[in-house]
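Below: one structure, written as structure tokens.
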Amino acid sequence: MRVPHLSIFIIARDEADRIARTIQSVRALSDEIVVVDSGSTDGTQLIAEQHGARVIFNPWPGYGPQKRFAEEQCRHDWLLNLDADEVVPPDLAAEIAGLFAGNGPLADAYELRIAEIFPGERAPHRFAYALAPVRLYRKDKGRYSLSPVHDRVDLDPQAKIARLKGTVHHYSVRSLGEQMAKLNAYSDAQADDLDKRGMTLSVFRLVVEFPANFIKAYIGRRHVLRGVYGFMTAMNYAFYRYLRVAKHWERRLQRRAGASVTPPDPDKRDA
């Protein structure tokens with residue numbers, strides 16, 4: 001199953017409990033697995049090395065820049081990106097290997113379905129919602145965006161895109177508390193990004209963001225079919241989406257308050 005000209009890269013921090021499974025799922029596909037670590041304190045680096053990865057440290061610059069840095073460490077023409085909590089099942093690994101048989105891939109980039117597996121589930125739910133971003137691509141046809149919050153590959157306009165049939169298993173939730181802490185940090189990064197881009201969200205979003213995104217997750221993404229955990233995860237997602245808008249508006253109000261305070265005139269101070 002070894003695929004020539006394919007490098008696999010993973011960004012990680014404090015993933016000691018999950019990264020071995022991720023690396024093992026693709027170990028047979030490539031002779032180069034690169035893990036870019038941003039400062040783990042739980043031994044992630046050693047575990048990754050023990051499972052055959054080359055580990056490189058890079059301070060956290062944001063999602064896009066970190067993945068761009070990881071791309072630059074890879075020596076092969078084709079790149080496969082995984083997160084440290086994702087697993088490629090055998091059928092998808094075989095499908096990827098099959099692309100490179102014969103005359104090689106017919107497209108320049110491939111979308112991979114990624115479905116969450118909630119705690120207590122052994123495989124993605126039959127009706128699980130799945131994202132399908134580009135994760136397998138030619139380095140000369142696409143590179144990760146430099147956005148600190150938007151995790152996407154920017155492709156050449158002429159690049160040919162196809163989609164694989166298999167599904168990446170995404171073990172994203174250790175616990176609801178850990179998920180909420182992660183989303184809280186991500187909402188900070190999104191508020192920062194809105195500031196840098198000079199964007200202003202309507203105050204109306206404060207009212208509609210939570211209910212609209214709960215419906216999006218619970219009904220639109222079919223969490224309603226996933227039992228109690230589906231309900232709780234939809235609530236977390238909705239609160240995170242509200243929180244990024246609330247933080248955006250909090251910053252605006254703080255800036256207004258700061259601008260309204262007139263600094264004292266040193267020439268008018270009492271002697």
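In the structure tokens, the first chain shown is A, the next is B, and so on; residue numbers restart at 1 for each chain, and ligands run from 1 in the order shown.
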
Contacts of segment 100-113 of chain A at 8 Å (only C-alpha atoms; same-chain gap of 5+ positions) as a VMD selection string: chain A and resid 3 to 4 130 to 138 141 to 142 159 to 168

Saved selection, atoms kept: N, CA and C atoms, as an mmCIF file, in the first residue's frame:
data_model
loop_
_atom_site.group_PDB
_atom_site.id
_atom_site.type_symbol
_atom_site.label_atom_id
_atom_site.label_comp_id
_atom_site.auth_asym_id
_atom_site.auth_seq_id
_atom_site.Cartn_x
_atom_site.Cartn_y
_atom_site.Cartn_z
ATOM 1 N N VAL A 3 2.593 4.463 -0.987
ATOM 2 C CA VAL A 3 2.325 5.352 -2.113
ATOM 3 C C VAL A 3 3.553 6.214 -2.379
ATOM 4 N N PRO A 4 4.132 6.131 -3.575
ATOM 5 C CA PRO A 4 5.267 6.998 -3.889
ATOM 6 C C PRO A 4 4.808 8.448 -4.041
ATOM 7 N N ALA A 130 -21.288 15.150 7.547
ATOM 8 C CA ALA A 130 -19.860 15.088 7.219
ATOM 9 C C ALA A 130 -19.458 16.302 6.399
ATOM 10 N N LEU A 131 -18.346 16.902 6.784
ATOM 11 C CA LEU A 131 -17.721 17.924 5.961
ATOM 12 C C LEU A 131 -16.910 17.228 4.872
ATOM 13 N N ALA A 132 -16.568 17.951 3.817
ATOM 14 C CA ALA A 132 -15.773 17.340 2.745
ATOM 15 C C ALA A 132 -14.758 18.345 2.209
ATOM 16 N N PRO A 133 -13.763 18.701 3.016
ATOM 17 C CA PRO A 133 -12.734 19.629 2.543
ATOM 18 C C PRO A 133 -11.687 18.924 1.690
ATOM 19 N N VAL A 134 -10.928 19.688 0.953
ATOM 20 C CA VAL A 134 -9.769 19.140 0.232
ATOM 21 C C VAL A 134 -8.700 18.826 1.265
ATOM 22 N N ARG A 135 -8.238 17.574 1.282
ATOM 23 C CA ARG A 135 -7.172 17.165 2.201
ATOM 24 C C ARG A 135 -6.028 16.425 1.474
ATOM 25 N N LEU A 136 -6.282 15.977 0.262
ATOM 26 C CA LEU A 136 -5.271 15.280 -0.539
ATOM 27 C C LEU A 136 -5.086 16.085 -1.813
ATOM 28 N N TYR A 137 -3.849 16.570 -2.062
ATOM 29 C CA TYR A 137 -3.674 17.508 -3.166
ATOM 30 C C TYR A 137 -2.213 17.579 -3.596
ATOM 31 N N ARG A 138 -2.026 18.051 -4.798
ATOM 32 C CA ARG A 138 -0.682 18.297 -5.319
ATOM 33 C C ARG A 138 -0.172 19.618 -4.777
ATOM 34 N N LYS A 141 -0.430 22.657 -6.907
ATOM 35 C CA LYS A 141 -1.772 23.074 -7.302
ATOM 36 C C LYS A 141 -2.571 23.695 -6.152
ATOM 37 N N GLY A 142 -2.078 23.578 -4.947
ATOM 38 C CA GLY A 142 -2.802 24.142 -3.819
ATOM 39 C C GLY A 142 -1.932 24.237 -2.586
ATOM 40 N N ALA A 159 -7.328 23.940 -11.184
ATOM 41 C CA ALA A 159 -7.133 22.615 -10.593
ATOM 42 C C ALA A 159 -8.395 21.763 -10.719
ATOM 43 N N LYS A 160 -8.201 20.499 -11.045
ATOM 44 C CA LYS A 160 -9.309 19.555 -11.146
ATOM 45 C C LYS A 160 -9.530 18.896 -9.792
ATOM 46 N N ILE A 161 -10.782 18.921 -9.313
ATOM 47 C CA ILE A 161 -11.106 18.417 -7.976
ATOM 48 C C ILE A 161 -12.045 17.221 -8.099
ATOM 49 N N ALA A 162 -11.795 16.196 -7.303
ATOM 50 C CA ALA A 162 -12.678 15.026 -7.233
ATOM 51 C C ALA A 162 -12.908 14.703 -5.764
ATOM 52 N N ARG A 163 -13.793 13.752 -5.506
ATOM 53 C CA ARG A 163 -14.109 13.374 -4.121
ATOM 54 C C ARG A 163 -13.961 11.864 -3.950
ATOM 55 N N LEU A 164 -13.331 11.466 -2.851
ATOM 56 C CA LEU A 164 -13.198 10.050 -2.547
ATOM 57 C C LEU A 164 -14.458 9.527 -1.866
ATOM 58 N N LYS A 165 -14.656 8.229 -1.925
ATOM 59 C CA LYS A 165 -15.859 7.624 -1.360
ATOM 60 C C LYS A 165 -15.745 7.364 0.139
ATOM 61 N N GLY A 166 -14.556 7.054 0.617
ATOM 62 C CA GLY A 166 -14.362 6.710 2.018
ATOM 63 C C GLY A 166 -14.533 7.904 2.944
ATOM 64 N N THR A 167 -14.576 7.618 4.247
ATOM 65 C CA THR A 167 -14.825 8.644 5.261
ATOM 66 C C THR A 167 -13.749 8.625 6.333
ATOM 67 N N VAL A 168 -13.179 9.785 6.606
ATOM 68 C CA VAL A 168 -12.243 9.940 7.721
ATOM 69 C C VAL A 168 -13.038 9.932 9.025
#

Do a neighbour search on Phe9 of chain A at 10 Å with only C-alpha atoms, toss out local chain neighbours closer than 5 positions, and write the hits as a PyMOL selection string. chain A and resi 23+32-36+53-55+67+70-71+73-74+79-84

If you keep C-alpha atoms, can you produce a file of those selected residues as a short mmCIF file (atom, residue, chain, number, x, y, z; two decimals), in the first residue's frame?
data_model
loop_
_atom_site.label_atom_id
_atom_site.label_comp_id
_atom_site.auth_asym_id
_atom_site.auth_seq_id
_atom_site.Cartn_x
_atom_site.Cartn_y
_atom_site.Cartn_z
CA ILE A 23 -0.26 7.82 12.60
CA GLU A 32 7.19 10.45 5.22
CA ILE A 33 4.87 11.46 8.04
CA VAL A 34 5.57 14.93 9.42
CA VAL A 35 4.17 16.08 12.77
CA VAL A 36 4.45 19.79 13.51
CA ALA A 53 6.89 10.35 12.34
CA ARG A 54 9.40 13.15 11.96
CA VAL A 55 8.56 15.76 14.59
CA LYS A 67 -0.41 24.01 8.10
CA ALA A 70 3.96 21.88 7.73
CA GLU A 71 3.54 21.76 3.94
CA GLN A 73 8.56 20.53 5.58
CA CYS A 74 7.28 17.83 3.20
CA LEU A 79 0.25 15.96 0.36
CA LEU A 80 -2.31 14.37 2.67
CA ASN A 81 -3.31 16.42 5.71
CA LEU A 82 -4.86 14.93 8.83
CA ASP A 83 -5.62 16.42 12.22
CA ALA A 84 -4.28 14.59 15.27
#

What does the structure give for the distance between atom CA of His170 of chain A and atom CA of Ile11 of chain A, in Å to one decimal?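 Between atom CA of His170 of chain A and atom CA of Ile11 of chain A the gap is 14.6 Å.
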
Hey, which of A:Tyr171, A:Phe204, A:Tyr240, A:Phe210 ends up closest to Arg21 of chain A? Count only C-alpha atoms.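 Selected residue with least distance to Arg21 of chain A: A:Tyr171.
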
Going by DSSP on the backbone, which bits of segment 104-185 of chain A are strand (DSSP E)? Write them as a ChimeraX atom specification, please. /A:109-116,130-131,134-138,142-144,153-155,161-170

Would you please work out which residue, of A:Lys182, A:Lys139, A:Arg241, A:Arg197, is nearest to Glu209 of chain A when using only C-alpha atoms?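 Answer, going by the shortest atom-to-atom distance: A:Arg241.
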
Could you tell me how far atom CA of His51 of chain A sits from atom CA of Ala94 of chain A, in Å to one decimal place?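 Taking atom CA of Ala94 of chain A and atom CA of His51 of chain A, their separation equals 20.2 Å.
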
Contacts of segment 25-31 of chain A at 8 Å (only C-alpha atoms; same-chain gap of 6+ positions) as JSON, numbers by chain: {"A": [1, 2, 3, 4, 6, 7, 8, 52, 87, 88, 89, 90, 93, 97]}
